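**Q** Structure file start-v2.txt (compact mmCIF, C-alpha atoms and all ligand atoms) is given on the next line.
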# COMPACT_ATOMS: atom_id res chain seq x y z
CA MET A 1 -52.20 -299.47 79.07
CA ASN A 2 -51.67 -296.26 77.18
CA GLU A 3 -49.52 -293.55 78.71
CA SER A 4 -49.48 -295.23 82.11
CA VAL A 5 -45.74 -294.85 82.40
CA SER A 6 -46.04 -292.72 85.47
CA SER A 7 -49.29 -294.14 86.79
CA PRO A 8 -49.18 -297.78 87.78
CA THR A 9 -52.50 -299.56 88.08
CA PHE A 10 -54.16 -300.22 91.39
CA SER A 11 -56.75 -302.64 92.57
CA LEU A 12 -59.76 -300.50 93.38
CA GLU A 13 -61.29 -303.40 95.19
CA ALA A 14 -58.32 -303.79 97.49
CA LEU A 15 -58.26 -300.07 98.14
CA ARG A 16 -61.96 -299.95 98.92
CA ASN A 17 -61.57 -302.84 101.29
CA GLY A 18 -58.89 -301.04 103.20
CA ASP A 19 -55.88 -303.01 101.98
CA ARG A 20 -53.07 -301.06 103.59
CA LYS A 21 -50.31 -302.35 101.42
CA GLU A 22 -52.16 -301.25 98.32
CA PHE A 23 -52.83 -297.90 99.90
CA ALA A 24 -49.13 -297.51 100.66
CA ARG A 25 -48.42 -298.13 96.98
CA LEU A 26 -50.93 -295.46 96.08
CA VAL A 27 -49.32 -293.03 98.48
CA ASP A 28 -45.92 -293.68 96.98
CA ALA A 29 -47.15 -293.26 93.45
CA PHE A 30 -48.84 -289.92 94.01
CA SER A 31 -47.30 -288.22 97.00
CA THR A 32 -44.54 -286.51 95.02
CA PRO A 33 -46.77 -284.92 92.37
CA ILE A 34 -49.31 -283.94 95.00
CA TYR A 35 -46.64 -282.39 97.16
CA ARG A 36 -45.28 -280.44 94.17
CA LEU A 37 -48.76 -279.27 93.25
CA ALA A 38 -49.47 -278.09 96.78
CA LEU A 39 -46.13 -276.34 96.87
CA ARG A 40 -47.02 -274.55 93.64
CA ILE A 41 -50.33 -273.38 95.09
CA LEU A 42 -49.14 -272.42 98.54
CA GLY A 43 -45.51 -271.56 98.04
CA ASP A 44 -44.57 -272.89 101.45
CA PRO A 45 -43.09 -276.35 102.20
CA GLN A 46 -44.80 -276.70 105.57
CA ASP A 47 -48.20 -275.83 104.13
CA ALA A 48 -47.57 -278.18 101.23
CA GLU A 49 -46.80 -280.98 103.62
CA ASP A 50 -49.99 -280.34 105.58
CA VAL A 51 -52.01 -280.46 102.39
CA LEU A 52 -50.27 -283.67 101.38
CA GLN A 53 -51.21 -285.34 104.63
CA GLU A 54 -54.78 -284.06 104.61
CA THR A 55 -55.21 -285.23 101.04
CA PHE A 56 -54.36 -288.82 101.84
CA ILE A 57 -56.30 -288.81 105.09
CA ARG A 58 -59.36 -287.66 103.21
CA ALA A 59 -58.70 -290.11 100.41
CA LEU A 60 -58.42 -292.94 102.89
CA SER A 61 -61.79 -292.22 104.41
CA ALA A 62 -63.46 -291.56 101.06
CA LEU A 63 -62.09 -294.59 99.21
CA PRO A 64 -64.84 -297.00 100.26
CA THR A 65 -67.33 -294.80 98.45
CA PHE A 66 -65.13 -293.89 95.49
CA GLU A 67 -67.11 -294.88 92.43
CA GLY A 68 -64.33 -294.80 89.94
CA ARG A 69 -66.05 -292.43 87.55
CA SER A 70 -62.86 -290.48 87.19
CA SER A 71 -59.41 -292.02 87.43
CA LEU A 72 -57.82 -292.42 90.82
CA SER A 73 -55.14 -289.90 90.00
CA THR A 74 -57.64 -287.26 88.91
CA TRP A 75 -59.68 -287.89 92.02
CA LEU A 76 -56.61 -287.46 94.24
CA TYR A 77 -55.56 -284.28 92.48
CA ARG A 78 -59.02 -282.91 92.97
CA ILE A 79 -58.92 -283.58 96.70
CA ALA A 80 -55.48 -282.00 96.89
CA VAL A 81 -56.51 -278.90 94.97
CA ASN A 82 -59.51 -278.41 97.24
CA GLU A 83 -57.43 -278.86 100.36
CA ALA A 84 -54.78 -276.47 99.12
CA LEU A 85 -57.27 -273.80 98.12
CA MET A 86 -59.03 -274.09 101.45
CA MET A 87 -55.76 -273.59 103.23
CA LEU A 88 -54.90 -270.68 100.96
CA ARG A 89 -58.15 -269.00 101.91
CA ARG A 90 -57.51 -269.57 105.57
CA ARG A 91 -54.00 -268.14 105.33
CA LYS A 92 -54.67 -265.27 103.00
CA PRO A 93 -58.36 -264.51 102.79
CA GLU A 94 -57.69 -261.62 100.45
CA THR A 95 -56.37 -263.83 97.64
CA LEU A 96 -59.62 -265.52 96.80
CA LEU A 97 -60.00 -267.08 93.43
CA ASN A 98 -62.53 -264.54 92.33
CA GLU A 99 -60.04 -262.60 90.31
CA ASN A 100 -61.51 -262.90 86.86
CA ASP A 101 -60.04 -265.19 84.36
CA GLY A 102 -56.54 -263.97 84.56
CA GLY A 103 -56.83 -261.01 82.27
CA ASP A 104 -57.54 -261.65 78.65
CA GLU A 105 -57.70 -258.04 77.61
CA GLU A 106 -54.39 -256.98 78.95
CA ASN A 107 -51.37 -256.23 76.83
CA SER A 108 -51.14 -259.20 74.56
CA ASP A 109 -50.46 -256.80 71.71
CA ASN A 110 -46.89 -255.86 72.49
CA GLU A 111 -45.84 -259.28 71.28
CA SER A 112 -43.07 -257.78 69.23
CA ASN A 113 -40.91 -257.41 72.32
CA TYR A 114 -40.91 -261.11 72.70
CA LEU A 115 -39.93 -262.34 69.33
CA VAL A 116 -36.46 -263.52 70.08
CA ASP A 117 -35.69 -267.12 69.43
CA TRP A 118 -33.81 -268.14 72.53
CA CYS A 119 -34.34 -271.85 72.06
CA CYS A 120 -30.81 -272.46 70.95
CA LEU A 121 -29.19 -271.10 74.07
CA PRO A 122 -27.06 -273.87 75.54
CA GLU A 123 -28.77 -276.12 78.06
CA GLU A 124 -26.51 -275.04 80.91
CA GLU A 125 -27.64 -271.49 80.29
CA LEU A 126 -31.32 -272.38 80.00
CA LEU A 127 -31.22 -274.37 83.20
CA SER A 128 -28.61 -272.59 85.24
CA GLU A 129 -29.26 -272.20 88.94
CA GLU A 130 -30.27 -268.60 88.32
CA ALA A 131 -32.53 -269.54 85.44
CA ARG A 132 -34.29 -272.12 87.59
CA GLN A 133 -35.00 -269.48 90.17
CA PHE A 134 -36.39 -267.27 87.48
CA LEU A 135 -38.64 -270.06 86.22
CA ASP A 136 -39.99 -270.39 89.74
CA GLN A 137 -40.65 -266.70 90.09
CA ALA A 138 -42.27 -266.50 86.69
CA ILE A 139 -44.79 -269.23 87.37
CA ALA A 140 -45.50 -267.78 90.80
CA GLN A 141 -46.53 -264.55 89.07
CA LEU A 142 -49.29 -266.26 87.14
CA PRO A 143 -52.79 -265.93 88.52
CA GLU A 144 -53.74 -269.03 90.45
CA ASN A 145 -56.25 -270.25 87.92
CA LEU A 146 -53.73 -270.18 85.09
CA ARG A 147 -50.92 -271.63 87.13
CA LEU A 148 -52.87 -274.70 88.20
CA VAL A 149 -53.94 -275.54 84.68
CA PHE A 150 -50.42 -275.15 83.36
CA TRP A 151 -48.95 -277.19 86.18
CA LEU A 152 -51.31 -280.13 85.89
CA ARG A 153 -51.36 -280.26 82.12
CA ASP A 154 -47.82 -279.33 81.16
CA VAL A 155 -45.69 -280.35 84.09
CA GLU A 156 -47.57 -283.31 85.54
CA GLY A 157 -48.77 -284.38 82.12
CA LEU A 158 -52.50 -284.79 82.75
CA SER A 159 -54.70 -284.72 79.68
CA ILE A 160 -57.01 -281.78 79.04
CA LYS A 161 -59.91 -283.92 80.23
CA GLU A 162 -58.16 -285.00 83.41
CA THR A 163 -57.10 -281.44 84.15
CA ALA A 164 -60.69 -280.31 83.70
CA GLU A 165 -61.93 -282.99 86.09
CA ALA A 166 -59.27 -282.30 88.68
CA LEU A 167 -60.11 -278.60 88.72
CA GLY A 168 -63.85 -278.82 88.17
CA LEU A 169 -63.66 -276.84 84.94
CA SER A 170 -64.94 -277.40 81.44
CA GLU A 171 -62.44 -278.62 78.86
CA THR A 172 -62.92 -275.44 76.85
CA ASN A 173 -62.08 -273.43 79.89
CA VAL A 174 -58.95 -275.49 80.49
CA LYS A 175 -57.81 -274.94 76.91
CA THR A 176 -58.33 -271.20 77.16
CA ARG A 177 -56.44 -270.94 80.40
CA LEU A 178 -53.71 -273.19 79.15
CA LEU A 179 -53.17 -270.96 76.13
CA ARG A 180 -52.98 -267.87 78.33
CA ALA A 181 -50.63 -269.48 80.79
CA ARG A 182 -48.32 -270.69 78.05
CA LEU A 183 -48.28 -267.33 76.30
CA ARG A 184 -47.67 -265.45 79.52
CA LEU A 185 -44.86 -267.69 80.63
CA ARG A 186 -43.34 -267.63 77.19
CA GLU A 187 -43.26 -263.85 77.32
CA LEU A 188 -41.70 -263.76 80.76
CA LEU A 189 -39.08 -266.28 79.74
CA SER A 190 -38.40 -264.45 76.51
CA GLU A 191 -37.59 -261.26 78.38
CA TYR A 192 -35.30 -263.15 80.67
CA TYR A 193 -33.44 -265.19 78.07
CA TYR A 194 -33.31 -262.29 75.67
CA GLU A 195 -31.05 -260.52 78.12
CA ARG A 196 -28.89 -263.60 78.29
CA MET A 197 -28.52 -263.72 74.57
CA GLY A 198 -27.04 -260.28 74.53
CA MET A 199 -28.42 -259.33 71.18
CA ARG A 200 -31.37 -257.50 69.75
CA PRO A 201 -34.23 -259.14 67.94
CA GLU A 202 -33.41 -259.14 64.27
CA GLU A 203 -36.24 -256.88 63.28
CA ASP A 204 -34.19 -255.15 60.63
CA ALA A 205 -32.81 -258.29 59.09
CA PRO A 206 -32.67 -258.03 55.33
CA MET B 1 -48.15 -261.05 57.17
CA PRO B 2 -50.50 -258.67 58.94
CA PRO B 3 -50.11 -259.00 62.70
CA LYS B 4 -53.89 -259.44 62.90
CA LYS B 5 -53.54 -262.75 61.17
CA CYS B 6 -50.73 -263.74 63.51
CA GLN B 7 -52.86 -262.76 66.51
CA ALA B 8 -55.65 -264.97 65.29
CA LEU B 9 -53.35 -267.92 64.75
CA LEU B 10 -51.79 -267.43 68.14
CA SER B 11 -54.86 -268.86 69.76
CA GLN B 12 -54.39 -272.08 67.80
CA LEU B 13 -50.74 -272.54 68.64
CA SER B 14 -51.52 -274.11 71.98
CA GLU B 15 -53.65 -276.83 70.46
CA TYR B 16 -51.11 -277.25 67.70
CA VAL B 17 -48.41 -277.87 70.29
CA ASP B 18 -50.64 -280.53 71.86
CA GLY B 19 -51.28 -282.12 68.49
CA SER B 20 -55.00 -281.65 68.99
CA LEU B 21 -55.65 -278.96 66.40
CA ASP B 22 -58.14 -279.81 63.69
CA PRO B 23 -56.16 -281.11 60.67
CA ARG B 24 -57.60 -278.48 58.35
CA LEU B 25 -56.57 -275.67 60.67
CA CYS B 26 -53.18 -277.34 61.01
CA LYS B 27 -52.63 -276.98 57.30
CA VAL B 28 -53.50 -273.31 57.37
CA LEU B 29 -51.28 -272.72 60.34
CA GLU B 30 -48.36 -274.63 58.86
CA ARG B 31 -48.63 -272.70 55.63
CA HIS B 32 -48.44 -269.49 57.61
CA LEU B 33 -45.52 -270.72 59.70
CA LYS B 34 -43.49 -271.28 56.55
CA THR B 35 -43.66 -267.62 55.68
CA CYS B 36 -43.81 -265.98 59.10
CA LYS B 37 -40.72 -265.98 61.20
CA ASN B 38 -42.41 -264.33 64.17
CA CYS B 39 -44.95 -267.06 64.54
CA ARG B 40 -42.23 -269.67 64.21
CA VAL B 41 -40.39 -268.01 67.07
CA VAL B 42 -43.52 -267.98 69.21
CA LEU B 43 -44.10 -271.63 68.44
CA ASN B 44 -40.53 -272.69 69.19
CA THR B 45 -40.23 -270.71 72.37
CA MET B 46 -43.63 -271.87 73.58
CA ARG B 47 -42.56 -275.47 73.13
CA LYS B 48 -39.30 -274.75 74.87
CA THR B 49 -41.08 -273.03 77.74
CA ILE B 50 -43.21 -276.10 78.36
CA ASP B 51 -40.15 -278.28 78.02
CA LEU B 52 -38.14 -276.35 80.58
CA TYR B 53 -40.93 -276.38 83.13
CA ARG B 54 -41.42 -280.08 82.68
CA THR B 55 -37.73 -280.74 83.15
CA VAL B 56 -37.49 -278.59 86.23
CA GLY B 57 -40.78 -279.79 87.67
CA GLU B 58 -40.01 -283.46 87.31
CA SER B 59 -36.64 -283.07 88.96
CA GLU B 60 -38.22 -281.55 92.05
CA GLU B 61 -38.19 -284.33 94.63
CA MET B 62 -40.19 -284.58 97.79
CA PRO B 63 -37.83 -284.63 100.78
CA SER B 64 -37.57 -288.09 102.30
CA GLU B 65 -38.51 -286.78 105.76
CA VAL B 66 -41.78 -285.58 104.29
CA ARG B 67 -42.46 -289.07 103.03
CA GLU B 68 -41.59 -290.54 106.40
CA ARG B 69 -43.87 -288.21 108.31
CA LEU B 70 -46.65 -288.90 105.82
CA PHE B 71 -46.37 -292.65 106.30
CA HIS B 72 -46.37 -292.27 110.07
CA ARG B 73 -49.37 -290.01 109.97
CA LEU B 74 -51.23 -292.57 107.86
CA ASN B 75 -50.22 -295.45 110.09
CA LEU B 76 -48.29 -296.99 107.25
CA SER B 77 -44.91 -297.03 108.95
CA GLU B 78 -44.46 -300.72 108.27
CA TYR B 79 -44.37 -300.00 104.53
CA LEU B 80 -41.83 -297.24 104.81
CA ARG B 81 -38.82 -299.26 103.87
CA LYS B 82 -39.82 -300.13 100.35
CA ARG B 83 -39.39 -297.11 98.23
CA PRO B 84 -40.27 -297.85 94.64
ZN ZN A 301 -47.36 -264.90 61.86
Mind converting the file's structure to structure tokens?
Ligand SMILES: [Zn+2]

**A**
Amino acid sequence: MNESVSSPTFSLEALRNGDRKEFARLVDAFSTPIYRLALRILGDPQDAEDVLQETFIRALSALPTFEGRSSLSTWLYRIAVNEALMMLRRRKPETLLNENDGGDEENSDNESNYLVDWCCLPEEELLSEEARQFLDQAIAQLPENLRLVFWLRDVEGLSIKETAEALGLSETNVKTRLLRARLRLRELLSEYYYERMGMRPEEDAP
Amino acid sequence: MPPKKCQALLSQLSEYVDGSLDPRLCKVLERHLKTCKNCRVVLNTMRKTIDLYRTVGESEEMPSEVRERLFHRLNLSEYLRKRP
């Protein structure tokens, strides 16, 4: 019963036997996070909706053979990620996932620009309409493979293990990408909020 | 503190934030954090970054028409009324 706040339990047996009421419960429990995930991958509400529908259609037909080795939620996320990436490839064949790991060697050494503590900005500033838009843009700038890890782990709250299963990655790989995603986003946000603070980093503080 | 040391610790911050960093490394990191303002800032703002995205992400609802169309597509229309 640990950390199942957001994931109610389901009767696998009922689901495998085609119990529609149970399936409707499953759909209601996971459609929102799956829709959000698809939206994050594809950036388009119509595409996200298509992926959402395809995910549950595929889940419905695959349930009778679902062995329960991973959790239901992880399994659903995995289907959704595959569907979304397939659609992405169909729409924009040039943005394949073969970009390498999201750039480890690039400029992580100009950290000093990003050493402003903006945490204490008031909440209405941190989450203003404009700031929310910026947050959206910033995450959209991340390479796909970093964005997905960050989204599943940090926004949807999957564990490292679940994230790894959902994306077909090793846990080590998830941790590495998570670190990069967090650092990158932190830098982008620091630049943005730094301007809002209207002061310089206190590098010369006594 | 030499930035090199900070760079090295940077890679542990993520696990530290998750509470999954090896306890021994935690001690080393915490000792450093006491004396290094820069690393404290990175830690705080990293936590806040995650926090903000979680807040914004969780508040993003799926439009109710999307749910309706999904239920129709799945032949579950009869269960549409009960939203949890
Ligand atoms: Zn330091």

**Q** 10 Å from ligand ZN 301 (chain A) is the threshold here; counting all atoms listed in the file, which polymer residues fall inside it? Answer as a PyMOL selection string.

**A** chain B and resi 1-10+29+32-43

**Q** Keeping only C-alpha atoms, write the selected residues to a file as a short mmCIF file (atom, residue, chain, number, x, y, z; two decimals), in the frame of the given file.

**A**
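Printed below is again_24.cif as written:
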data_model
loop_
_atom_site.label_atom_id
_atom_site.label_comp_id
_atom_site.auth_asym_id
_atom_site.auth_seq_id
_atom_site.Cartn_x
_atom_site.Cartn_y
_atom_site.Cartn_z
CA MET B 1 -48.15 -261.05 57.17
CA PRO B 2 -50.50 -258.67 58.94
CA PRO B 3 -50.11 -259.00 62.70
CA LYS B 4 -53.89 -259.44 62.90
CA LYS B 5 -53.54 -262.75 61.17
CA CYS B 6 -50.73 -263.74 63.51
CA GLN B 7 -52.86 -262.76 66.51
CA ALA B 8 -55.65 -264.97 65.29
CA LEU B 9 -53.35 -267.92 64.75
CA LEU B 10 -51.79 -267.43 68.14
CA LEU B 29 -51.28 -272.72 60.34
CA HIS B 32 -48.44 -269.49 57.61
CA LEU B 33 -45.52 -270.72 59.70
CA LYS B 34 -43.49 -271.28 56.55
CA THR B 35 -43.66 -267.62 55.68
CA CYS B 36 -43.81 -265.98 59.10
CA LYS B 37 -40.72 -265.98 61.20
CA ASN B 38 -42.41 -264.33 64.17
CA CYS B 39 -44.95 -267.06 64.54
CA ARG B 40 -42.23 -269.67 64.21
CA VAL B 41 -40.39 -268.01 67.07
CA VAL B 42 -43.52 -267.98 69.21
CA LEU B 43 -44.10 -271.63 68.44
#

**Q** Tell me which protein, DNA and RNA residues are within 9 Å of Glu60 in chain B, counting all atoms listed in the file, leaving out same-chain ones fewer than 4 positions away, and put them as a ChimeraX atom specification.

**A** /A:32,36 /B:55-56

**Q** Output the contact residues of chain A with respect to chain B at a cut-off of 8 Å, based on all atoms listed in the file, as a compact mmCIF listing (two decimals) with C-alpha atoms, in the coordinates of the input.

**A**
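Output file out_13.txt is given in full below:
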# COMPACT_ATOMS: atom_id res chain seq x y z
CA ARG A 20 -53.07 -301.06 103.59
CA LYS A 21 -50.31 -302.35 101.42
CA ALA A 24 -49.13 -297.51 100.66
CA ASP A 28 -45.92 -293.68 96.98
CA SER A 31 -47.30 -288.22 97.00
CA THR A 32 -44.54 -286.51 95.02
CA TYR A 35 -46.64 -282.39 97.16
CA ARG A 36 -45.28 -280.44 94.17
CA GLU A 49 -46.80 -280.98 103.62
CA LEU A 52 -50.27 -283.67 101.38
CA GLN A 53 -51.21 -285.34 104.63
CA PHE A 56 -54.36 -288.82 101.84
CA ILE A 57 -56.30 -288.81 105.09
CA LEU A 115 -39.93 -262.34 69.33
CA VAL A 116 -36.46 -263.52 70.08
CA ASP A 117 -35.69 -267.12 69.43
CA TRP A 118 -33.81 -268.14 72.53
CA CYS A 119 -34.34 -271.85 72.06
CA LEU A 126 -31.32 -272.38 80.00
CA LEU A 127 -31.22 -274.37 83.20
CA ARG A 132 -34.29 -272.12 87.59
CA LEU A 135 -38.64 -270.06 86.22
CA ASP A 154 -47.82 -279.33 81.16
CA VAL A 155 -45.69 -280.35 84.09
CA GLU A 156 -47.57 -283.31 85.54
CA LYS A 175 -57.81 -274.94 76.91
CA LEU A 178 -53.71 -273.19 79.15
CA LEU A 179 -53.17 -270.96 76.13
CA ARG A 182 -48.32 -270.69 78.05
CA LEU A 183 -48.28 -267.33 76.30
CA LEU A 185 -44.86 -267.69 80.63
CA ARG A 186 -43.34 -267.63 77.19
CA LEU A 189 -39.08 -266.28 79.74
CA SER A 190 -38.40 -264.45 76.51

**Q** A:Ser61, A:Thr55, A:Tyr192, A:Ser73: which is nearest Leu158 in chain A, counting only C-alpha atoms?

**A**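 Of all the options, A:Ser73 lies closest to Leu158 in chain A.
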
**Q** Figure out the distance between CA of Tyr16 in chain B and CA of Phe150 in chain A, please, to one decimal in Å.

**A**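 Interatomic distance, CA of Phe150 in chain A to CA of Tyr16 in chain B: 15.8 Å.
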
**Q** Please indicate the distance in Å from CA of Gly19 in chain B to CA of Glu162 in chain A, rounded to one decimal place.

**A**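 Computing it gives 16.7 Å between the two atoms.
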
**Q** How far is it from CA of Phe10 in chain A to CA of Ile79 in chain A, in Å with one decimal?

**A** 18.1 Å

**Q** For Leu76 in chain A, which of A:Leu42, A:Leu63, A:Leu88, A:Ala140 is the closest residue, counting all atoms listed in the file?

**A**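 Of the candidates, the smallest distance to Leu76 in chain A is held by A:Leu63.
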
**Q** So, with only C-alpha atoms as the atoms that count, which of A:Glu165, A:Tyr114, A:Arg147, A:Glu171 lies closest to Tyr193 in chain A?

**A**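 Among the listed residues, A:Tyr114 lies closest to Tyr193 in chain A.
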
**Q** Find the residues around Asp47 in chain A up to 8 Å (all atoms listed in the file counted), leave out those fewer than 4 positions away in its own chain, and share them as a list in words.

**A** Ala38, Leu39, Leu42, Gly43, Val51 and Met87 of chain A

**Q** What box, with edges along x, y and z, holds each listed atom of range 14-20 of chain B when 6 Å is added on every side, and can you state its centre and edge lengths in Å to one decimal, as JSON?

**A**
{"center_x": -51.7, "center_y": -278.1, "center_z": 69.8, "size_x": 18.6, "size_y": 20.0, "size_z": 16.3}
